[in-house]
$ cat final36.cif   # mmCIF, C-alpha atoms
data_upload
loop_
_atom_site.label_atom_id
_atom_site.label_comp_id
_atom_site.auth_asym_id
_atom_site.auth_seq_id
_atom_site.Cartn_x
_atom_site.Cartn_y
_atom_site.Cartn_z
CA MET C 1 24.14 77.72 139.35
CA ASN C 2 25.68 80.43 137.21
CA PRO C 3 25.64 79.47 133.49
CA GLN C 4 29.20 80.66 133.09
CA GLU C 5 30.27 78.20 135.79
CA LYS C 6 28.61 75.36 133.81
CA ASN C 7 30.78 76.28 130.81
CA ASN C 8 34.01 76.21 132.75
CA PRO C 9 34.80 72.52 131.97
CA PHE C 10 34.36 73.19 128.26
CA LYS C 11 36.44 76.33 128.59
CA GLU C 12 39.23 74.39 130.28
CA TYR C 13 39.00 71.68 127.65
CA LEU C 14 39.41 74.17 124.81
CA SER C 15 42.32 75.86 126.57
CA LEU C 16 44.12 72.53 127.00
CA PHE C 17 43.31 71.59 123.39
CA SER C 18 44.70 74.88 122.08
CA GLY C 19 47.81 74.56 124.23
CA LEU C 20 48.39 71.02 122.96
CA VAL C 21 48.04 72.18 119.34
CA PHE C 22 50.53 74.98 119.92
CA TYR C 23 52.96 72.60 121.64
CA LEU C 24 52.84 69.97 118.90
CA PHE C 25 52.98 72.60 116.19
CA LEU C 26 55.98 74.45 117.60
CA SER C 27 57.77 71.25 118.55
CA SER C 28 57.66 70.00 114.97
CA VAL C 29 58.99 73.32 113.72
CA LEU C 30 61.77 73.66 116.26
CA ALA C 31 62.86 70.05 115.71
CA GLU C 32 63.80 70.90 112.10
CA THR C 33 65.65 74.10 112.97
CA LYS C 34 69.43 73.78 112.71
CA PRO C 35 71.63 75.34 115.40
CA TYR C 36 72.98 78.68 114.23
CA THR C 37 76.65 79.13 114.96
CA ILE C 38 78.57 82.16 113.72
CA PRO C 39 81.87 81.00 112.19
CA SER C 40 85.14 82.21 113.62
CA PRO C 41 87.15 84.90 111.81
CA PRO C 42 89.65 83.84 109.14
CA ASN C 43 92.79 82.34 110.58
CA MET C 44 95.06 84.73 108.71
CA LEU C 45 93.38 87.66 110.47
CA GLU C 46 92.88 85.97 113.81
CA GLN C 47 96.57 85.13 113.99
CA ARG C 48 97.77 88.27 112.26
CA VAL C 49 101.25 89.29 113.35
CA GLU C 50 102.56 92.80 113.47
CA LEU C 51 104.37 93.97 110.36
CA VAL C 52 108.12 94.01 110.81
CA GLU C 53 109.83 95.94 108.05
CA PRO C 54 112.68 93.95 106.45
CA GLN C 55 116.10 95.52 106.56
CA GLY C 56 119.29 94.83 104.65
CA SER C 57 118.88 92.37 101.77
CA LEU C 58 115.41 91.16 100.77
CA SER C 59 114.78 87.88 98.95
CA LEU C 60 111.79 87.10 96.76
CA THR C 61 110.58 84.50 99.26
CA GLU C 62 110.59 87.09 102.07
CA ALA C 63 108.74 89.60 99.88
CA LEU C 64 106.06 87.02 99.03
CA SER C 65 105.63 86.07 102.70
CA LEU C 66 105.18 89.71 103.72
CA ALA C 67 102.63 90.31 100.97
CA LEU C 68 100.56 87.19 101.68
CA LEU C 69 100.46 87.99 105.40
CA HIS C 70 99.78 91.71 105.29
CA ASN C 71 98.19 92.65 101.96
CA PRO C 72 94.87 94.40 102.77
CA THR C 73 93.10 93.17 99.60
CA LEU C 74 93.90 89.55 100.38
CA GLN C 75 92.56 89.93 103.91
CA GLU C 76 89.35 91.41 102.48
CA PHE C 77 88.75 88.31 100.35
CA ALA C 78 89.45 86.06 103.35
CA TRP C 79 86.62 87.76 105.22
CA GLU C 80 84.38 87.34 102.16
CA ILE C 81 84.68 83.56 102.59
CA ARG C 82 83.48 83.82 106.19
CA ILE C 83 80.60 86.06 105.14
CA SER C 84 79.60 83.40 102.62
CA ASP C 85 79.66 80.82 105.42
CA VAL C 86 77.14 82.90 107.36
CA LYS C 87 74.96 83.30 104.25
CA THR C 88 74.96 79.52 103.78
CA LEU C 89 73.83 79.02 107.37
CA ARG C 90 71.13 81.63 107.00
CA ALA C 91 69.87 80.05 103.77
CA GLY C 92 69.25 76.78 105.64
CA LEU C 93 67.13 78.27 108.41
CA LEU C 94 63.38 77.72 108.56
CA PRO C 95 61.03 80.71 108.11
CA ASN C 96 60.05 82.31 111.40
CA PRO C 97 56.53 81.66 112.72
CA GLU C 98 54.13 84.60 112.89
CA LEU C 99 52.04 85.60 115.88
CA GLY C 100 48.66 87.11 115.09
CA ILE C 101 46.19 88.94 117.35
CA GLU C 102 42.81 89.90 115.92
CA ALA C 103 39.81 91.65 117.56
CA GLU C 104 36.32 91.85 116.01
CA ASN C 105 32.90 93.36 116.83
CA PHE C 106 33.84 96.46 118.86
CA LEU C 107 33.44 100.24 118.54
CA GLY C 108 30.37 99.66 116.38
CA SER C 109 26.74 100.55 116.91
CA ARG C 110 24.19 99.51 119.56
CA LYS C 111 25.27 96.29 121.28
CA LYS C 112 28.62 96.29 119.53
CA ARG C 113 29.44 99.83 120.56
CA ASP C 114 31.52 98.68 123.51
CA PHE C 115 33.65 95.60 124.00
CA ASP C 116 30.86 93.35 125.29
CA GLN C 117 30.50 91.54 121.93
CA THR C 118 34.18 91.47 121.06
CA GLU C 119 35.71 88.31 119.62
CA THR C 120 39.48 88.12 120.19
CA THR C 121 41.62 85.62 118.30
CA VAL C 122 45.23 84.79 119.15
CA SER C 123 46.95 82.58 116.58
CA ILE C 124 50.31 81.47 115.38
CA SER C 125 51.09 80.57 111.77
CA GLN C 126 53.99 78.82 110.14
CA LEU C 127 55.04 78.76 106.52
CA PHE C 128 56.09 75.32 105.22
CA GLU C 129 58.22 75.39 102.09
CA LEU C 130 57.44 72.51 99.75
CA GLY C 131 59.54 71.09 96.94
CA GLY C 132 62.78 71.10 98.92
CA LYS C 133 63.21 74.86 98.57
CA ARG C 134 65.23 75.21 101.75
CA ALA C 135 67.73 72.49 100.80
CA LYS C 136 68.06 73.90 97.28
CA ARG C 137 68.53 77.43 98.63
CA GLU C 138 71.22 76.18 100.99
CA ALA C 139 72.95 74.32 98.13
CA LEU C 140 72.91 77.49 96.04
CA ALA C 141 74.46 79.49 98.87
CA SER C 142 77.20 76.89 99.28
CA THR C 143 78.23 77.39 95.63
CA GLU C 144 78.58 81.10 96.29
CA ARG C 145 80.91 80.18 99.11
CA ASP C 146 82.94 78.14 96.60
CA LEU C 147 83.10 81.18 94.32
CA ALA C 148 84.39 83.27 97.23
CA VAL C 149 87.18 80.73 97.71
CA TRP C 150 88.06 80.99 94.02
CA ASP C 151 88.04 84.80 94.28
CA TYR C 152 90.45 84.51 97.19
CA GLU C 153 92.74 82.25 95.13
CA THR C 154 92.59 84.69 92.21
CA SER C 155 93.51 87.56 94.51
CA ARG C 156 96.34 85.50 96.00
CA LEU C 157 97.84 84.84 92.56
CA ASP C 158 97.42 88.51 91.66
CA ILE C 159 99.40 89.44 94.76
CA ILE C 160 102.13 86.94 93.89
CA TYR C 161 102.25 88.37 90.36
CA GLN C 162 102.50 91.92 91.70
CA VAL C 163 105.32 90.97 94.03
CA ALA C 164 107.18 89.12 91.27
CA THR C 165 106.94 91.97 88.76
CA ARG C 166 107.74 94.73 91.24
CA TYR C 167 110.55 92.70 92.75
CA MET C 168 112.06 92.16 89.29
CA ALA C 169 111.67 95.88 88.60
CA VAL C 170 113.89 96.57 91.61
CA VAL C 171 116.34 93.90 90.47
CA ALA C 172 116.48 95.50 87.01
CA ASN C 173 116.96 98.97 88.52
CA GLN C 174 119.83 97.70 90.63
CA ALA C 175 121.48 96.34 87.47
CA ARG C 176 120.83 99.62 85.65
CA LEU C 177 122.38 101.54 88.53
CA LYS C 178 125.46 99.34 88.42
CA LEU C 179 125.75 99.91 84.67
CA ALA C 180 125.19 103.67 85.14
CA ILE C 181 128.00 103.80 87.71
CA GLU C 182 130.30 101.97 85.33
CA THR C 183 129.22 104.24 82.48
CA THR C 184 129.95 107.35 84.54
CA ALA C 185 133.35 106.02 85.59
CA VAL C 186 134.31 105.31 81.97
CA ALA C 187 133.01 108.72 80.86
CA GLU C 188 135.13 110.37 83.55
CA GLU C 189 138.16 108.36 82.46
CA ILE C 190 137.69 109.41 78.83
CA PHE C 191 137.12 113.02 79.85
CA ASN C 192 140.35 113.06 81.88
CA THR C 193 142.23 111.50 78.99
CA VAL C 194 140.90 114.12 76.57
CA VAL C 195 141.74 116.94 79.01
CA ALA C 196 145.32 115.65 79.26
CA ARG C 197 145.67 115.52 75.48
CA VAL C 198 144.22 119.02 75.13
CA LYS C 199 146.72 120.34 77.65
CA ALA C 200 149.48 118.62 75.73
CA GLY C 201 148.28 120.35 72.57
CA LYS C 202 147.65 117.08 70.75
CA VAL C 203 143.90 117.61 70.18
CA SER C 204 141.54 120.52 69.81
CA PRO C 205 139.70 121.93 72.90
CA LEU C 206 136.50 121.12 70.98
CA GLU C 207 137.03 117.45 71.79
CA GLN C 208 137.12 118.29 75.50
CA SER C 209 133.71 119.99 75.21
CA LYS C 210 132.25 116.93 73.47
CA SER C 211 133.58 114.55 76.12
CA ARG C 212 132.24 116.84 78.84
CA VAL C 213 128.76 116.55 77.29
CA GLU C 214 128.99 112.74 77.38
CA LEU C 215 130.10 112.88 81.00
CA ALA C 216 127.17 115.14 81.93
CA LYS C 217 124.74 112.77 80.18
CA ALA C 218 126.19 109.80 82.07
CA ARG C 219 125.82 111.60 85.43
CA LEU C 220 122.26 112.67 84.60
CA ASN C 221 121.34 109.10 83.64
CA LYS C 222 122.82 107.83 86.92
CA ALA C 223 120.71 110.31 88.94
CA ARG C 224 117.59 109.26 87.03
CA VAL C 225 118.23 105.55 87.71
CA VAL C 226 118.71 106.29 91.43
CA ARG C 227 115.31 108.03 91.58
CA GLU C 228 113.66 105.14 89.71
CA LEU C 229 115.18 102.65 92.13
CA ILE C 230 113.75 104.51 95.12
CA SER C 231 110.32 104.63 93.45
CA ASN C 232 110.35 100.91 92.59
CA LYS C 233 111.33 100.01 96.16
CA GLN C 234 108.33 101.97 97.41
CA ASN C 235 106.04 100.22 94.90
CA LEU C 236 107.28 96.83 96.09
CA ALA C 237 106.78 97.66 99.76
CA ALA C 238 103.27 98.97 99.04
CA VAL C 239 102.15 95.40 98.24
CA TRP C 240 102.45 94.48 101.93
CA GLY C 241 101.07 97.84 103.05
CA SER C 242 104.32 99.62 103.86
CA MET C 243 104.81 103.33 103.25
CA ASN C 244 108.45 103.51 104.30
CA PRO C 245 110.59 100.62 102.99
CA ARG C 246 113.79 100.00 104.92
CA PHE C 247 115.45 97.23 102.92
CA LYS C 248 118.60 98.28 101.11
CA GLN C 249 118.61 95.87 98.20
CA VAL C 250 117.00 92.74 96.77
CA THR C 251 118.92 89.57 96.06
CA GLY C 252 117.17 88.36 92.89
CA GLY C 253 119.23 87.41 89.86
CA LEU C 254 118.28 89.32 86.73
CA TYR C 255 120.76 87.29 84.71
CA THR C 256 119.19 83.95 85.69
CA VAL C 257 117.26 82.92 82.60
CA GLN C 258 114.83 80.05 83.14
CA ALA C 259 114.28 77.36 80.56
CA VAL C 260 110.98 77.92 78.77
CA PRO C 261 108.81 74.76 78.53
CA GLU C 262 107.16 73.72 75.29
CA PHE C 263 103.97 75.56 74.45
CA SER C 264 101.93 72.35 74.59
CA ILE C 265 103.03 71.84 78.21
CA LEU C 266 101.99 75.35 79.17
CA ILE C 267 98.62 74.94 77.45
CA SER C 268 97.94 71.79 79.47
CA ARG C 269 98.56 73.74 82.69
CA LEU C 270 96.02 76.47 81.95
CA ASN C 271 93.41 74.61 84.01
CA ASN C 272 95.34 75.75 87.10
CA ASN C 273 94.36 79.33 86.35
CA PRO C 274 91.69 80.26 88.95
CA ASP C 275 90.09 82.72 86.52
CA LEU C 276 89.31 79.70 84.35
CA ALA C 277 88.81 77.05 87.03
CA ARG C 278 86.20 79.15 88.86
CA TRP C 279 83.82 78.82 85.91
CA SER C 280 83.09 75.22 86.89
CA ALA C 281 81.79 76.50 90.23
CA GLU C 282 80.02 79.36 88.47
CA ILE C 283 78.15 77.01 86.14
CA GLU C 284 77.27 74.69 89.03
CA ARG C 285 75.89 77.72 90.82
CA TYR C 286 73.54 78.49 87.92
CA ARG C 287 72.44 74.85 87.70
CA LYS C 288 71.43 74.98 91.34
CA ALA C 289 69.69 78.29 90.69
CA ILE C 290 67.60 76.51 88.04
CA ALA C 291 66.72 73.78 90.55
CA LEU C 292 65.63 76.40 93.06
CA ALA C 293 63.61 78.25 90.41
CA LYS C 294 61.79 75.01 89.53
CA ALA C 295 61.06 74.40 93.20
CA GLN C 296 59.57 77.90 93.43
CA LYS C 297 56.79 76.69 91.07
CA ILE C 298 55.45 74.52 93.90
CA PRO C 299 53.23 76.65 96.20
CA ASN C 300 54.14 76.88 99.85
CA VAL C 301 51.61 76.09 102.54
CA THR C 302 50.91 78.15 105.65
CA PHE C 303 49.29 76.49 108.67
CA MET C 304 47.55 78.51 111.34
CA ALA C 305 46.27 77.48 114.76
CA GLY C 306 45.02 79.45 117.75
CA GLY C 307 42.23 80.23 120.14
CA ARG C 308 39.28 82.65 120.11
CA HIS C 309 37.61 84.37 123.07
CA PHE C 310 33.97 85.51 122.99
CA ALA C 311 33.45 88.45 125.35
CA ASN C 312 29.62 88.16 125.49
CA ASN C 313 29.67 84.80 127.32
CA ASP C 314 33.37 84.37 128.13
CA ASP C 315 33.59 81.25 125.94
CA PHE C 316 36.71 80.00 124.19
CA ALA C 317 37.05 78.10 120.92
CA ALA C 318 39.92 76.74 118.84
CA VAL C 319 40.63 78.09 115.37
CA ALA C 320 42.79 76.55 112.63
CA GLY C 321 43.42 77.22 108.99
CA ILE C 322 45.55 76.49 106.00
CA SER C 323 46.43 78.75 103.07
CA ALA C 324 48.43 78.54 99.86
CA PRO C 325 49.03 80.99 96.99
CA LEU C 326 47.24 80.44 93.70
CA PHE C 327 49.67 80.66 90.78
CA ILE C 328 47.17 82.03 88.27
CA PHE C 329 48.82 85.11 86.81
CA ASP C 330 52.42 84.34 87.73
CA THR C 331 53.20 80.64 87.41
CA LYS C 332 56.88 81.22 88.32
CA GLN C 333 57.92 79.79 84.95
CA THR C 334 59.61 83.07 84.06
CA GLY C 335 62.05 82.49 86.93
CA VAL C 336 62.97 79.10 85.47
CA ASP C 337 63.37 80.55 81.98
CA GLN C 338 65.59 83.34 83.28
CA ALA C 339 67.78 80.95 85.26
CA GLN C 340 68.22 78.73 82.21
CA MET C 341 69.19 81.70 80.05
CA VAL C 342 71.72 82.83 82.64
CA LEU C 343 73.25 79.33 82.59
CA ILE C 344 73.61 79.45 78.80
CA GLN C 345 75.15 82.91 79.09
CA ALA C 346 77.61 81.62 81.72
CA MET C 347 78.68 78.80 79.40
CA GLN C 348 79.35 81.36 76.68
CA LYS C 349 81.36 83.46 79.12
CA GLN C 350 83.35 80.39 80.11
CA GLN C 351 84.23 79.74 76.48
CA ALA C 352 85.17 83.39 76.00
CA ALA C 353 87.40 83.23 79.08
CA LYS C 354 89.15 80.15 77.70
CA VAL C 355 89.81 81.89 74.38
CA ALA C 356 91.05 85.08 76.09
CA ILE C 357 93.42 83.25 78.45
CA ARG C 358 94.73 81.03 75.66
CA SER C 359 95.30 84.11 73.46
CA SER C 360 97.18 85.81 76.30
CA LEU C 361 99.37 82.73 76.71
CA ILE C 362 100.12 82.64 72.97
CA TYR C 363 101.10 86.32 73.00
CA ASP C 364 103.23 86.09 76.15
CA TYR C 365 104.90 82.92 74.89
CA GLN C 366 105.91 84.66 71.66
CA GLN C 367 107.20 87.63 73.62
CA ILE C 368 109.31 85.51 75.94
CA GLN C 369 110.76 83.63 72.98
CA MET C 370 111.66 86.93 71.33
CA SER C 371 113.26 88.14 74.56
CA LEU C 372 115.24 84.90 74.81
CA THR C 373 116.51 85.29 71.25
CA GLU C 374 117.46 88.91 71.92
CA ILE C 375 119.25 88.03 75.15
CA THR C 376 121.27 85.31 73.45
CA ALA C 377 122.31 87.56 70.55
CA LEU C 378 123.27 90.47 72.81
CA ARG C 379 125.15 88.28 75.27
CA ASP C 380 127.04 86.13 72.79
CA GLU C 381 127.61 88.50 69.86
CA VAL C 382 126.83 92.16 70.37
CA LEU C 383 128.29 92.80 73.83
CA PRO C 384 131.64 90.98 73.26
CA SER C 385 132.08 92.81 69.96
CA ALA C 386 131.21 96.19 71.54
CA ARG C 387 133.69 95.61 74.38
CA GLU C 388 136.46 94.70 71.96
CA ALA C 389 135.69 97.69 69.76
CA PHE C 390 135.75 100.07 72.74
CA LYS C 391 138.97 98.58 74.03
CA ALA C 392 140.61 98.98 70.61
CA ALA C 393 139.25 102.53 70.27
CA LYS C 394 140.78 103.60 73.60
CA LEU C 395 144.16 102.25 72.61
CA ALA C 396 143.97 103.85 69.16
CA TYR C 397 142.98 107.18 70.71
CA ARG C 398 145.94 107.17 73.05
CA LEU C 399 148.20 106.46 70.06
CA GLY C 400 146.62 109.28 68.12
CA GLU C 401 145.27 107.02 65.41
CA ILE C 402 141.62 108.09 65.83
CA GLY C 403 139.85 111.18 67.07
CA SER C 404 137.60 111.64 70.09
CA LEU C 405 134.48 111.31 67.96
CA ASP C 406 135.35 107.72 67.10
CA LEU C 407 136.15 107.00 70.74
CA LEU C 408 132.88 108.50 71.95
CA ASP C 409 130.96 106.57 69.31
CA ALA C 410 132.54 103.30 70.51
CA GLN C 411 131.67 104.26 74.08
CA ARG C 412 128.01 104.98 73.21
CA THR C 413 127.74 101.69 71.31
CA LEU C 414 129.05 99.74 74.30
CA PHE C 415 126.74 101.42 76.80
CA ARG C 416 123.72 101.18 74.50
CA SER C 417 124.37 97.46 74.01
CA GLY C 418 124.61 97.00 77.78
CA ARG C 419 121.30 98.79 78.34
CA GLU C 420 119.62 96.76 75.61
CA HIS C 421 120.86 93.57 77.25
CA LEU C 422 119.44 94.65 80.62
CA GLU C 423 116.10 95.61 79.09
CA ALA C 424 115.87 92.27 77.27
CA LEU C 425 116.54 90.46 80.56
CA ALA C 426 113.93 92.57 82.37
CA THR C 427 111.38 91.88 79.61
CA PHE C 428 112.09 88.16 79.84
CA GLN C 429 111.50 88.14 83.62
CA LEU C 430 108.28 90.15 83.20
CA ASN C 431 106.94 87.76 80.55
CA ALA C 432 107.91 84.79 82.73
CA ALA C 433 105.85 86.29 85.57
CA LYS C 434 102.90 86.83 83.21
CA ILE C 435 103.00 83.21 82.06
CA GLU C 436 103.23 81.99 85.65
CA ARG C 437 100.12 84.02 86.47
CA LEU C 438 98.29 82.44 83.53
CA ILE C 439 99.23 78.85 84.38
CA GLY C 440 98.74 79.38 88.11
CA GLY C 441 102.21 78.13 89.08
CA ALA C 442 105.95 78.29 88.46
CA LEU C 443 107.33 78.20 84.95
CA ASN C 444 109.53 75.24 85.92
CA PRO C 445 108.06 73.64 89.08
CA SER C 446 110.38 71.55 91.21
CA PRO C 447 110.09 69.80 94.59
CA LYS C 448 112.30 72.45 96.24
CA THR C 449 110.76 75.68 95.01
CA SER C 450 107.55 76.88 93.43
CA GLU C 451 108.57 80.47 92.91
CA LEU C 452 110.50 82.47 90.41
CA ALA C 453 114.11 81.38 90.18
CA GLU C 454 116.40 83.77 92.00
#
$ encode --input "final36.cif" --output "structure tokens"
Amino acid sequence: MNPQEKNNPFKEYLSLFSGLVFYLFLSSVLAETKPYTIPSPPNMLEQRVELVEPQGSLSLTEALSLALLHNPTLQEFAWEIRISDVKTLRAGLLPNPELGIEAENFLGSRKKRDFDQTETTVSISQLFELGGKRAKREALASTERDLAVWDYETSRLDIIYQVATRYMAVVANQARLKLAIETTAVAEEIFNTVVARVKAGKVSPLEQSKSRVELAKARLNKARVVRELISNKQNLAAVWGSMNPRFKQVTGGLYTVQAVPEFSILISRLNNNPDLARWSAEIERYRKAIALAKAQKIPNVTFMAGGRHFANNDDFAAVAGISAPLFIFDTKQTGVDQAQMVLIQAMQKQQAAKVAIRSSLIYDYQQIQMSLTEITALRDEVLPSAREAFKAAKLAYRLGEIGSLDLLDAQRTLFRSGREHLEALATFQLNAAKIERLIGGALNPSPKTSELAE
């Protein structure tokens, strides 16, 4: 009988043994592998509706809705959350097994010159991570997903702040345009009155030239305000990605002055600021990075199993092995030290962020109080007095009791007081929007509205 035929039972035994090892080995690996499912796109993009440009009057609520639905930056951060979801899934996957094929004892000298003495080994190896590295890596990735959510919330509040400030800029421009129209009408009235008195020979033609200068200034200011209004409308529409705004006006009330809460109340609401709240997730992220770095100090183990074929007698044999790195020169302690230092640095940054945000609130609170004082003084004292003085000056001019210079001075005082009142109101609304951005909500929240009062 052929000797190779006598070895066939042993050959079949080794083949079955190797197959059983591979089956048990791969089964244990595949049993721990989680199903990989790609998350769906963000809802706001999946259900995105076509932009319909508003026409006619535009409210603050409508402007906010358009911005939150169509702002490109906000959509970018929404996708970042989904990307973080995929990273978290990937962090929890097991390492892939490796297939190895090795040939020995060929292309040598004498008997090993050909392939008659070749030994061929086919093996598969699998890395096993010890110390819970995979779970810790997945936990670390989940904190980065939390940070992406906070970044989205920060961007959302930034968009709301942009809409509020640009919307109020349009509101202020509309009020300035109304005042400019009134100013021009009064300047024309005074100019016509002076022209009539010049024709009647009651005043010098020099007074007509002076009143004409005031009229020209009023018309120039009106044209400038019109251009600014167009520019501010375009800036507002740009928040929701529009290049050609079609709305005619906004309906916000510049003269609606909100009550300003006590400073202690505003301080207590600073925790709603996402720039500050995100630091809790940031610090948790670094704590989990330390846990992962400590786990990296535990060596991983790689198991290998396979079969070997001997060409000289056509025999087969099983091969198996185990390997692990020796942490002699790099003990991985530097990774732990670095992660701990980064955590301490993050705590310092958190404290610095608290100080910066609190300082901003203190400054904005002082500014809004100053604006409120200025508004009250202009509304209750300066403007009524300027109106009465201008009214008396017009009557005195018609009676010939004063000259045109006194009349023009009373006119300039009235218009300057009106502009100062508008600017104080605009500054108040801007500071209110800044404080709302800092506290992460409305200045005076109520069950019915959470936006700027209109």
$ closest_residue --input "final36.cif" --among "C:Gln249, C:Ser123, C:Ser142, C:Gln174" --to "Ile83 of chain C" --atoms "all atoms listed in the file"
C:Ser142
$ resolve_selection --input "final36.cif" --expression "the PyMOL selection byres ((chain C and resi 364-377) around 10)" --output "VMD selection string"
chain C and resid 255 257 to 263 266 358 to 363 378 to 383 420 to 435 438
$ resolve_selection --input "final36.cif" --expression "the PyMOL selection byres ((chain C and resi 253) around 10)" --output "list in words"
Met168, Val171, Ala172, Ala175, Val250, Thr251, Gly252, Leu254, Tyr255, Thr256, Val257, Gln429, Ala453 and Glu454 of chain C
$ atom_distance --input "final36.cif" --atom1 "atom CA of Leu130 of chain C" --atom2 "atom CA of Pro299 of chain C"
6.9 Å
$ closest_residue --input "final36.cif" --among "C:Gln126, C:Asn173, C:Thr154, C:Thr118" --to "Ile322 of chain C" --atoms "all atoms listed in the file"
C:Gln126
$ closest_residue --input "final36.cif" --among "C:Ala148, C:Ala289, C:Leu60, C:Ala392" --to "Met341 of chain C" --atoms "all atoms listed in the file"
C:Ala289
$ decode --input "final36.cif" --residues "segment 167-179 of chain C" --atoms "N, CA and C atoms" --output "tab-separated table (two decimals), in the first residue's frame"
chain	number	residue	atom	x	y	z
C	167	TYR	N	-33.01	91.89	12.81
C	167	TYR	CA	-34.43	92.28	12.75
C	167	TYR	C	-34.63	93.64	13.41
C	168	MET	N	-34.02	93.82	14.59
C	168	MET	CA	-34.14	95.10	15.28
C	168	MET	C	-33.44	96.22	14.52
C	169	ALA	N	-32.41	95.89	13.76
C	169	ALA	CA	-31.76	96.91	12.93
C	169	ALA	C	-32.72	97.41	11.86
C	170	VAL	N	-33.51	96.49	11.29
C	170	VAL	CA	-34.51	96.91	10.30
C	170	VAL	C	-35.60	97.73	10.97
C	171	VAL	N	-36.02	97.30	12.17
C	171	VAL	CA	-37.04	98.05	12.91
C	171	VAL	C	-36.54	99.47	13.18
C	172	ALA	N	-35.29	99.59	13.63
C	172	ALA	CA	-34.73	100.91	13.92
C	172	ALA	C	-34.63	101.75	12.65
C	173	ASN	N	-34.25	101.13	11.53
C	173	ASN	CA	-34.16	101.87	10.27
C	173	ASN	C	-35.53	102.37	9.81
C	174	GLN	N	-36.54	101.53	10.02
C	174	GLN	CA	-37.89	101.98	9.67
C	174	GLN	C	-38.29	103.21	10.49
C	175	ALA	N	-37.94	103.19	11.78
C	175	ALA	CA	-38.25	104.35	12.63
C	175	ALA	C	-37.42	105.56	12.21
C	176	ARG	N	-36.16	105.34	11.82
C	176	ARG	CA	-35.34	106.46	11.36
C	176	ARG	C	-35.89	107.05	10.07
C	177	LEU	N	-36.38	106.16	9.19
C	177	LEU	CA	-36.95	106.65	7.94
C	177	LEU	C	-38.21	107.47	8.20
C	178	LYS	N	-39.02	107.03	9.12
C	178	LYS	CA	-40.22	107.79	9.47
C	178	LYS	C	-39.84	109.16	10.01
C	179	LEU	N	-38.83	109.20	10.89
C	179	LEU	CA	-38.37	110.47	11.44
C	179	LEU	C	-37.76	111.33	10.34
